[in-house]
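Accompanying notes for the structure given below.
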Amino acid sequence: MWTSLRNVLATLPILSFFGLSSCMSPAIKPNGNEPDVILHSGVIWTGDKSGTITEAVALSGNRIVAVGLNEDILQLSGLKTRHHDLQGRFTVPGFVDTHIHFASAAKFLEFNIMEISSQEEFVKSIEKTVSTLDQGEWILGGFWGAYDSWTQGSTGLTSRSTFTPDPGRVSNLTRKHPLFIRKFDSSEYAANPLALKKAGLDPDHPEATNIEFVRDGDGNLTGILRGSGVLPLFEPILPKEFSHKRRLAQTRKALSEIRRSGVTTVSDMSDDHQLEIYRELLQGGELTVRVDFRYPIERWEELKRRGIRGSSGDPWIRLGSVKGHVDGIMGASTARFLEPYDSDPENRGKWRHLLTAEDGDFVGEQFRDMMIEADKAGIQLTVHAIGDEGNRLLLDYFEELCRVNGPDKDRRLRLVHAQVLHPDDFARLADLSVIAEVQPYHLSDDMRWMEERIGKKRCEGAYAFKTLAANGARLAFGSDWPGTSASSYPIHPRLALYAATTRQTLESTPENGWYPGEVLTMEQALRAYTIDAAYACFQEDLKGSIEAGKLADITVLSKNLLTARPPEILNAEVIMTMVDGKIVFSRDDTSVNAK
């Protein structure tokens with residue numbers, strides 16, 4: 001393999017950042033500018049314009065300084081250069097995830113029983129959570145039952161037992177912690193005696209309007225609550241915010257998960273407290289992922305007053321983007337369509353941000369005008385649209401925005417999700433230079449019920465990644481981590497890469513893929529998760545490819561994704577994650593040898 005690779009690449013120059021020139025040959029001898037680190041003997045997909053595959057990369061500080069063949073890059077070594085033997089591992093630019101909800105993911109990691117199917121697992125989860133909490137802190141969330149019908153990513157054929165948590169099993173563990181958790185669809189809730197007391201109820205004889213307190217066969221209270229009165233009773237007493245200490249602990253755990261997944265940049269839509277924590281960790285040298293932070297679109301004027309634009313910030317924390325919505329989601333049948341849902345002939349979905357709270361009047365023009373003013377101020381717009389009418393309306397607004405503010409501005413409009421487009425609307429993408437910010441794993445999760453919900457004809461334009469790209473949209477991948485109350489979307493990129501290149505469930509169905517004409521090549525998928533995702537963040541000159549001068553954000557994988565069969569993609573493990581020239585995760589110290 002190495003002989004073949006060298007023959008193919010022997011004529012390529014070494015890309016270097018030592019001097020003023022962009023390339024040089026022969027190799028520079030050590031002269032005081034020797035690299036700090038050399039990664040060698042790998043299969044390195046650089047992600048550059050030519051899709052170069054090579055063997056070695058040299059780093060100085062937090063930058064890449066040279067890329068090329070082993071024999072050339074190793075000549076750059078100095079007395080202090082550290083060598084890491086990649087042992088033939090597949091190496092790529094650090095993954096850039098363009099769509100996560102970090103604060104929600106951090107809470108999920110602390111306590112989430114979505115995939116639990118037994119009381120024993122429930123008790124262990126509570127025990128683990130309680131061990132991290134201060135006395136009196138609430139246990140919230142839960143979301144049980146989402147996968148009672150099927151396991152994650154399956155076709156629904158894998159049988160599972162129905163699970164309802166038993167608060168009595170954890171009564172001793174939660175004596176000092178109010179517990180209020182819910183089923184994924186909010187049809188049932190579970191509360192322990194301390195939570196009932198805080199709500200003003202007698203735990204032994206609770207009475208409340210519009211609440212059913214479920215009892216077992218012997219007439220004993222189970223702790224399960226149903227009815228329209230549950231949330232109105234509890235919402236006023238539930239904490240609106242966790243303590244800074246708890247949020248900090250959650251953040252550290254979530255950062256660990258990101259490192260293990262090989263992701264080096266995230267585009268996050270969390271709250272101001274999370275941004276404060278990022279800055280705190282950065283100050284203390286603990287931040288191990290770069291953050292493209294997005295405020296809600298309603299705060300565009302605040303960003304304008306502060307002089308924050310689309311490329312503001314530094315290589316660690318970037319500001320200048322805002323997030324808006326035009327419609328709902330497929331999972332709840334609230335994505336907005338031109339025609340009613342096949343499964344619900346009275347329903348076309350719902351608008352978001354486009355209706356008044358008071359009387360439900362349509363105020364889309366006001367949302368459009370807000371977009372125009374934010375764009376005029378240099379703020380990047382990223383807007384959620386899922387149904388075909390939602391996407392059409394948003395494209396109308398984008399076109400009006402470009403007409404008013406000028407078509408030639410480098411605005412990088414991000415069409416978030418772009419899940420179902422009408423066939424007539426694909427051709428509109430090129431003139432707008434739209435970035436399609438898509439989450440391919442949604443496809444593996446949703447294909448099980450999409451046709452039932454919107455019919456086969458509309459599904460031809462669903463998750464149409466190849467058609468989006470063919471019509472001029474630049475694809476930028478993300479995970480939507482952690483998902484919703486009904487679905488879990490892990491952050492590991494292998495799931496999105498698998499979905500985009502197979503269009504199958506995790507059980508490898510259907511055999512040839514769902515609407516296989518929309519399958520992407522692995523090369524296209526990798527670009528969407530690296531250099532094109534960096535472009536979406538106005539940072540393609542800093543990261544997204546392994547090239548001289550760029551930040552040393554690098555991910556090493558156990559499988560060569562360019563040659564792997566679909567099951568092997570799902571088994572690909574991250575061996576090493578490097579951010580800013582530092583190894584922030586190594587699966588096995590013997591896998592990447594340092595000398």
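As shown in the structure tokens, the chain order sets the letters A, B, ...; within each chain, residues go from 1, and ligands are also counted from 1 in the order they appear.
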(request) Show which residues sit within 7 Å of region 330-335 of chain A, as a PyMOL selection string. Count only C-alpha atoms, and ignore same-chain residues fewer than 6 positions away. (result) chain A and resi 349-350+386-387
Using the selection just defined, write its residues with N, CA and C atoms as a PDB file, in the first residue's frame.
```pdb
ATOM      1  N   GLY A 349     -49.415  21.416   8.904  1.00  0.00           N
ATOM      2  CA  GLY A 349     -48.276  21.803   9.722  1.00  0.00           C
ATOM      3  C   GLY A 349     -48.453  23.190  10.294  1.00  0.00           C
ATOM      4  N   LYS A 350     -47.441  23.683  10.985  1.00  0.00           N
ATOM      5  CA  LYS A 350     -47.548  24.961  11.696  1.00  0.00           C
ATOM      6  C   LYS A 350     -46.385  25.883  11.344  1.00  0.00           C
ATOM      7  N   ILE A 386     -38.366  22.971   7.207  1.00  0.00           N
ATOM      8  CA  ILE A 386     -38.433  21.516   7.018  1.00  0.00           C
ATOM      9  C   ILE A 386     -39.450  21.111   5.945  1.00  0.00           C
ATOM     10  N   GLY A 387     -40.691  21.573   6.006  1.00  0.00           N
ATOM     11  CA  GLY A 387     -41.693  21.204   5.015  1.00  0.00           C
ATOM     12  C   GLY A 387     -41.494  21.943   3.699  1.00  0.00           C
TER      13      GLY A 387
END
```
(request) From a DSSP pass on the backbone, collect the residues of region 91-252 of chain A flagged as strand (DSSP E or B) and hand them back as a ChimeraX atom specification. (result) /A:91-93,95-100,112,139-144,179-183,189-191,212-215,221-226
Emit the selected residues as a tab-separated table (two decimals), in the first residue's frame, including C-alpha atoms.
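This went into again00.tsv:
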```tsv
chain	number	residue	atom	x	y	z
A	91	THR	CA	-6.60	10.58	9.23
A	92	VAL	CA	-8.87	13.49	8.39
A	93	PRO	CA	-9.33	17.15	9.30
A	95	PHE	CA	-14.89	17.13	12.07
A	96	VAL	CA	-16.96	20.34	12.10
A	97	ASP	CA	-20.50	19.71	13.39
A	98	THR	CA	-22.70	22.56	12.17
A	99	HIS	CA	-25.74	21.84	14.35
A	100	ILE	CA	-25.82	20.88	18.03
A	112	ASN	CA	-31.65	10.47	30.27
A	139	ILE	CA	-33.70	15.41	38.93
A	140	LEU	CA	-35.54	16.39	35.77
A	141	GLY	CA	-36.07	15.20	32.20
A	142	GLY	CA	-36.09	11.46	31.74
A	143	PHE	CA	-38.08	11.00	28.51
A	144	TRP	CA	-38.85	7.31	28.95
A	179	LEU	CA	-37.66	13.96	41.13
A	180	PHE	CA	-39.99	15.00	38.30
A	181	ILE	CA	-39.54	13.21	35.01
A	182	ARG	CA	-41.73	12.64	32.00
A	183	LYS	CA	-42.58	10.21	29.26
A	189	TYR	CA	-45.03	11.91	34.53
A	190	ALA	CA	-43.22	10.43	37.51
A	191	ALA	CA	-42.72	12.27	40.81
A	212	GLU	CA	-54.81	11.13	37.93
A	213	PHE	CA	-52.52	9.59	40.56
A	214	VAL	CA	-51.97	6.08	39.21
A	215	ARG	CA	-52.24	3.19	41.67
A	221	LEU	CA	-49.68	5.00	44.73
A	222	THR	CA	-47.05	4.35	42.03
A	223	GLY	CA	-45.71	7.87	41.63
A	224	ILE	CA	-47.00	8.02	38.03
A	225	LEU	CA	-49.19	11.03	37.21
A	226	ARG	CA	-51.45	11.72	34.24
```
(request) Excluding region 545-547 of chain A and any residue of its chain fewer than 5 positions from it, enumerate the residues within 12 Å of it, using only C-alpha atoms, and give them as a ChimeraX atom specification. (result) /A:14-17,22-23,39,44-59,63-68,91-96,526-535,539-540,552-555
Mind writing the picked residues with N, CA and C atoms as a short mmCIF file (atom, residue, chain, number, x, y, z; two decimals), in the first residue's frame?
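As written to disk, out_13.cif reads:
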```cif
data_model
loop_
_atom_site.label_atom_id
_atom_site.label_comp_id
_atom_site.auth_asym_id
_atom_site.auth_seq_id
_atom_site.Cartn_x
_atom_site.Cartn_y
_atom_site.Cartn_z
N ILE A 14 5.90 19.42 -1.22
CA ILE A 14 5.58 19.50 0.20
C ILE A 14 4.96 20.86 0.45
N LEU A 15 3.81 20.89 1.05
CA LEU A 15 3.18 22.16 1.40
C LEU A 15 3.76 22.62 2.72
N SER A 16 4.25 23.86 2.77
CA SER A 16 4.99 24.30 3.95
C SER A 16 4.58 25.68 4.38
N PHE A 17 4.75 25.92 5.68
CA PHE A 17 4.46 27.23 6.26
C PHE A 17 5.70 27.80 6.93
N SER A 22 4.52 29.00 -0.64
CA SER A 22 3.48 28.05 -0.25
C SER A 22 3.93 26.61 -0.41
N CYS A 23 5.01 26.38 -1.15
CA CYS A 23 5.50 25.02 -1.28
C CYS A 23 6.99 25.08 -1.54
N LEU A 39 3.25 13.74 12.59
CA LEU A 39 2.40 12.55 12.49
C LEU A 39 2.78 11.88 11.18
N ILE A 44 -3.64 9.86 5.03
CA ILE A 44 -4.15 11.18 5.41
C ILE A 44 -4.96 11.77 4.27
N TRP A 45 -6.27 11.86 4.47
CA TRP A 45 -7.15 12.55 3.53
C TRP A 45 -7.12 14.02 3.92
N THR A 46 -6.52 14.85 3.10
CA THR A 46 -6.27 16.24 3.49
C THR A 46 -7.50 17.13 3.38
N GLY A 47 -8.43 16.77 2.49
CA GLY A 47 -9.59 17.64 2.29
C GLY A 47 -9.28 18.87 1.48
N ASP A 48 -8.10 18.94 0.86
CA ASP A 48 -7.78 20.10 0.04
C ASP A 48 -8.58 20.03 -1.26
N LYS A 49 -8.39 21.02 -2.14
CA LYS A 49 -9.22 21.10 -3.35
C LYS A 49 -9.07 19.89 -4.25
N SER A 50 -7.90 19.24 -4.19
CA SER A 50 -7.65 18.08 -5.04
C SER A 50 -7.99 16.77 -4.35
N GLY A 51 -8.39 16.83 -3.09
CA GLY A 51 -8.66 15.60 -2.35
C GLY A 51 -7.42 14.76 -2.15
N THR A 52 -6.28 15.43 -1.93
CA THR A 52 -5.00 14.75 -1.81
C THR A 52 -5.00 13.75 -0.64
N ILE A 53 -4.41 12.59 -0.90
CA ILE A 53 -4.18 11.60 0.15
C ILE A 53 -2.67 11.44 0.29
N THR A 54 -2.17 11.57 1.49
CA THR A 54 -0.73 11.50 1.70
C THR A 54 -0.42 10.77 3.00
N GLU A 55 0.81 10.93 3.53
CA GLU A 55 1.26 10.08 4.62
C GLU A 55 1.60 10.79 5.92
N ALA A 56 2.04 12.04 5.84
CA ALA A 56 2.59 12.67 7.04
C ALA A 56 2.24 14.15 7.10
N VAL A 57 2.24 14.68 8.32
CA VAL A 57 1.95 16.09 8.54
C VAL A 57 2.81 16.58 9.69
N ALA A 58 3.39 17.78 9.53
CA ALA A 58 4.23 18.38 10.56
C ALA A 58 3.50 19.57 11.18
N LEU A 59 3.67 19.70 12.51
CA LEU A 59 2.97 20.74 13.26
C LEU A 59 3.98 21.56 14.06
N ARG A 63 -0.34 25.08 14.65
CA ARG A 63 -0.51 25.16 13.20
C ARG A 63 0.12 23.98 12.47
N ILE A 64 -0.47 23.68 11.32
CA ILE A 64 0.13 22.73 10.39
C ILE A 64 1.20 23.48 9.59
N VAL A 65 2.40 22.90 9.49
CA VAL A 65 3.46 23.59 8.76
C VAL A 65 3.91 22.87 7.51
N ALA A 66 3.63 21.59 7.39
CA ALA A 66 4.01 20.87 6.18
C ALA A 66 3.20 19.59 6.07
N VAL A 67 2.90 19.21 4.82
CA VAL A 67 2.12 18.00 4.55
C VAL A 67 2.77 17.28 3.37
N GLY A 68 2.94 15.97 3.47
CA GLY A 68 3.54 15.25 2.35
C GLY A 68 3.85 13.81 2.67
N THR A 91 -6.71 9.30 8.53
CA THR A 91 -6.60 10.58 9.23
C THR A 91 -7.27 11.67 8.42
N VAL A 92 -8.08 12.47 9.08
CA VAL A 92 -8.87 13.49 8.39
C VAL A 92 -8.80 14.80 9.17
N PRO A 93 -9.19 15.91 8.53
CA PRO A 93 -9.33 17.15 9.30
C PRO A 93 -10.35 16.93 10.42
N GLY A 94 -10.18 17.62 11.54
CA GLY A 94 -11.14 17.51 12.62
C GLY A 94 -12.55 17.79 12.13
N PHE A 95 -13.51 16.97 12.54
CA PHE A 95 -14.89 17.13 12.07
C PHE A 95 -15.50 18.44 12.61
N VAL A 96 -16.26 19.10 11.75
CA VAL A 96 -16.96 20.34 12.10
C VAL A 96 -18.45 20.04 12.09
N LEU A 526 -17.46 13.50 3.45
CA LEU A 526 -16.35 14.00 4.27
C LEU A 526 -16.16 15.50 4.09
N ARG A 527 -16.28 15.97 2.87
CA ARG A 527 -16.14 17.42 2.63
C ARG A 527 -17.25 18.19 3.37
N ALA A 528 -18.44 17.62 3.38
CA ALA A 528 -19.56 18.29 4.06
C ALA A 528 -19.36 18.34 5.56
N TYR A 529 -18.51 17.46 6.09
CA TYR A 529 -18.27 17.41 7.54
C TYR A 529 -16.96 18.09 7.93
N THR A 530 -16.25 18.64 6.93
CA THR A 530 -14.96 19.26 7.23
C THR A 530 -14.85 20.62 6.57
N ILE A 531 -14.30 20.68 5.36
CA ILE A 531 -13.99 21.97 4.74
C ILE A 531 -15.25 22.77 4.41
N ASP A 532 -16.31 22.12 3.94
CA ASP A 532 -17.52 22.87 3.62
C ASP A 532 -18.28 23.29 4.87
N ALA A 533 -18.17 22.50 5.92
CA ALA A 533 -18.75 22.92 7.21
C ALA A 533 -17.98 24.11 7.78
N ALA A 534 -16.65 24.11 7.60
CA ALA A 534 -15.85 25.26 8.04
C ALA A 534 -16.23 26.50 7.23
N TYR A 535 -16.49 26.33 5.94
CA TYR A 535 -16.94 27.43 5.09
C TYR A 535 -18.24 28.03 5.63
N GLN A 539 -14.86 30.12 8.17
CA GLN A 539 -13.54 29.79 8.70
C GLN A 539 -12.80 28.77 7.85
N GLU A 540 -13.10 28.71 6.57
CA GLU A 540 -12.42 27.76 5.70
C GLU A 540 -10.94 28.08 5.52
N ALA A 552 -4.12 23.15 13.66
CA ALA A 552 -3.84 21.72 13.79
C ALA A 552 -4.97 21.02 14.52
N ASP A 553 -6.12 20.90 13.83
CA ASP A 553 -7.28 20.14 14.31
C ASP A 553 -7.38 18.89 13.44
N ILE A 554 -7.13 17.73 14.03
CA ILE A 554 -6.96 16.50 13.25
C ILE A 554 -7.63 15.34 13.98
N THR A 555 -8.25 14.45 13.21
CA THR A 555 -8.91 13.28 13.77
C THR A 555 -8.36 12.01 13.11
#
```
Considering only C-alpha atoms, return as a PDB file with C-alpha atoms, in the first residue's frame whatever protein or nucleic-acid residues lie within 9 Å of region 119-135 of chain A, sequence-local ones (same chain, fewer than 6 positions apart) excluded.
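Final output, saved to result_29.pdb:
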```pdb
ATOM      1  CA  GLU A 110     -26.328  13.701  33.135  1.00  0.00           C
ATOM      2  CA  PHE A 111     -29.725  11.997  33.165  1.00  0.00           C
ATOM      3  CA  ASN A 112     -31.646  10.472  30.268  1.00  0.00           C
ATOM      4  CA  ILE A 113     -33.665   7.237  30.378  1.00  0.00           C
ATOM      5  CA  PHE A 163     -41.040   0.398  30.334  1.00  0.00           C
ATOM      6  CA  THR A 164     -42.489   2.757  32.931  1.00  0.00           C
ATOM      7  CA  PRO A 165     -40.184   3.893  35.748  1.00  0.00           C
ATOM      8  CA  ASP A 166     -41.104   2.980  39.303  1.00  0.00           C
ATOM      9  CA  ARG A 169     -37.571   1.732  43.518  1.00  0.00           C
ATOM     10  CA  VAL A 170     -35.473   4.885  43.977  1.00  0.00           C
ATOM     11  CA  LEU A 173     -31.780   7.285  46.615  1.00  0.00           C
ATOM     12  CA  THR A 174     -33.875  10.408  46.030  1.00  0.00           C
ATOM     13  CA  LYS A 176     -32.842  14.574  49.298  1.00  0.00           C
ATOM     14  CA  HIS A 177     -33.644  15.238  45.648  1.00  0.00           C
ATOM     15  CA  ARG A 246     -23.869  21.723  37.984  1.00  0.00           C
ATOM     16  CA  ALA A 249     -19.926  19.546  35.512  1.00  0.00           C
TER      17      ALA A 249
END
```
(request) With a distance cut-off of 8 Å and only C-alpha atoms, select the neighbouring residues of Gly61 (chain A), excluding the residue or stretch itself and same-chain residues fewer than 6 positions from it, and output the selection as number ranges by chain. (result) A: 36, 580-581
(request) Could you find all residues in region 371-442 of chain A that DSSP calls alpha helix (DSSP H) from the backbone, and write them as number ranges by chain? (result) A: 371-376, 388-405, 429-432, 441-442
(message) Can you tell me which residues surround region 275-281 of chain A at a distance of at most 12 Å, considering only C-alpha atoms, apart from same-chain residues fewer than 3 positions away, and format the answer as a PyMOL selection string?
(response) chain A and resi 102-103+243-252+254-255+266-272+284-295+313-314+316-319
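Atom pair CA of Thr81 (chain A) / CA of Val574 (chain A): separated by 24.4 Å.
Residue nearest Ala418 (chain A), chosen from A:Arg565, A:Arg403, A:His325, A:Lys457 and counting only C-alpha atoms: A:His325.
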(request) For each of A:Thr209, A:Ser485, A:Ser171, A:Gln380, take the minimum atom-to-atom distance to Asp185 (chain A), counting only C-alpha atoms, then give the residue where this is smallest. (result) A:Ser485
(message) Report, in Å with one decimal, the straight-line distance from CA of Gly455 (chain A) to CA of Gln419 (chain A).
(response) 14.3 Å
(message) Need to verify the contact set: Thr467 (chain A), 8 Å, only C-alpha atoms, exclusion of same-chain residues closer than 4 positions in sequence. Can you return it as a PyMOL selection string?
(response) chain A and resi 426+471+518
Generate the output file for the selected residues, C-alpha atoms, as a PDB file, in the first residue's frame.
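As written to disk, selection-v4.pdb reads:
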```pdb
ATOM      1  CA  PHE A 426     -34.242  23.113  -6.104  1.00  0.00           C
ATOM      2  CA  ASN A 471     -28.360  22.533  -7.781  1.00  0.00           C
ATOM      3  CA  GLU A 518     -29.668  10.647  -3.538  1.00  0.00           C
TER       4      GLU A 518
END
```
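Checking A:Ser444, A:Val438, A:Glu460, A:Asn512 one by one against Phe477 (chain A), counting only C-alpha atoms, you find the shortest gap at A:Val438.
Among the candidates A:Trp138, A:Tyr147, A:Tyr515, A:Phe367, the residue lying nearest to Ile297 (chain A) is A:Phe367 (atoms considered: only C-alpha atoms).
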(request) Pick out the closest residue to Thr502 (chain A) from this set: A:Ser77, A:Ser479, A:Met576, A:Pro440. Count only C-alpha atoms. (result) A:Pro440
(message) Using only C-alpha atoms, can you tell me which of A:Glu188, A:Glu235, A:Glu241, A:Asp148 comes closest to Lys107 (chain A)?
(response) A:Glu241
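Take CA of Asp480 (chain A) and CA of Ala430 (chain A): the distance between them is 25.1 Å.
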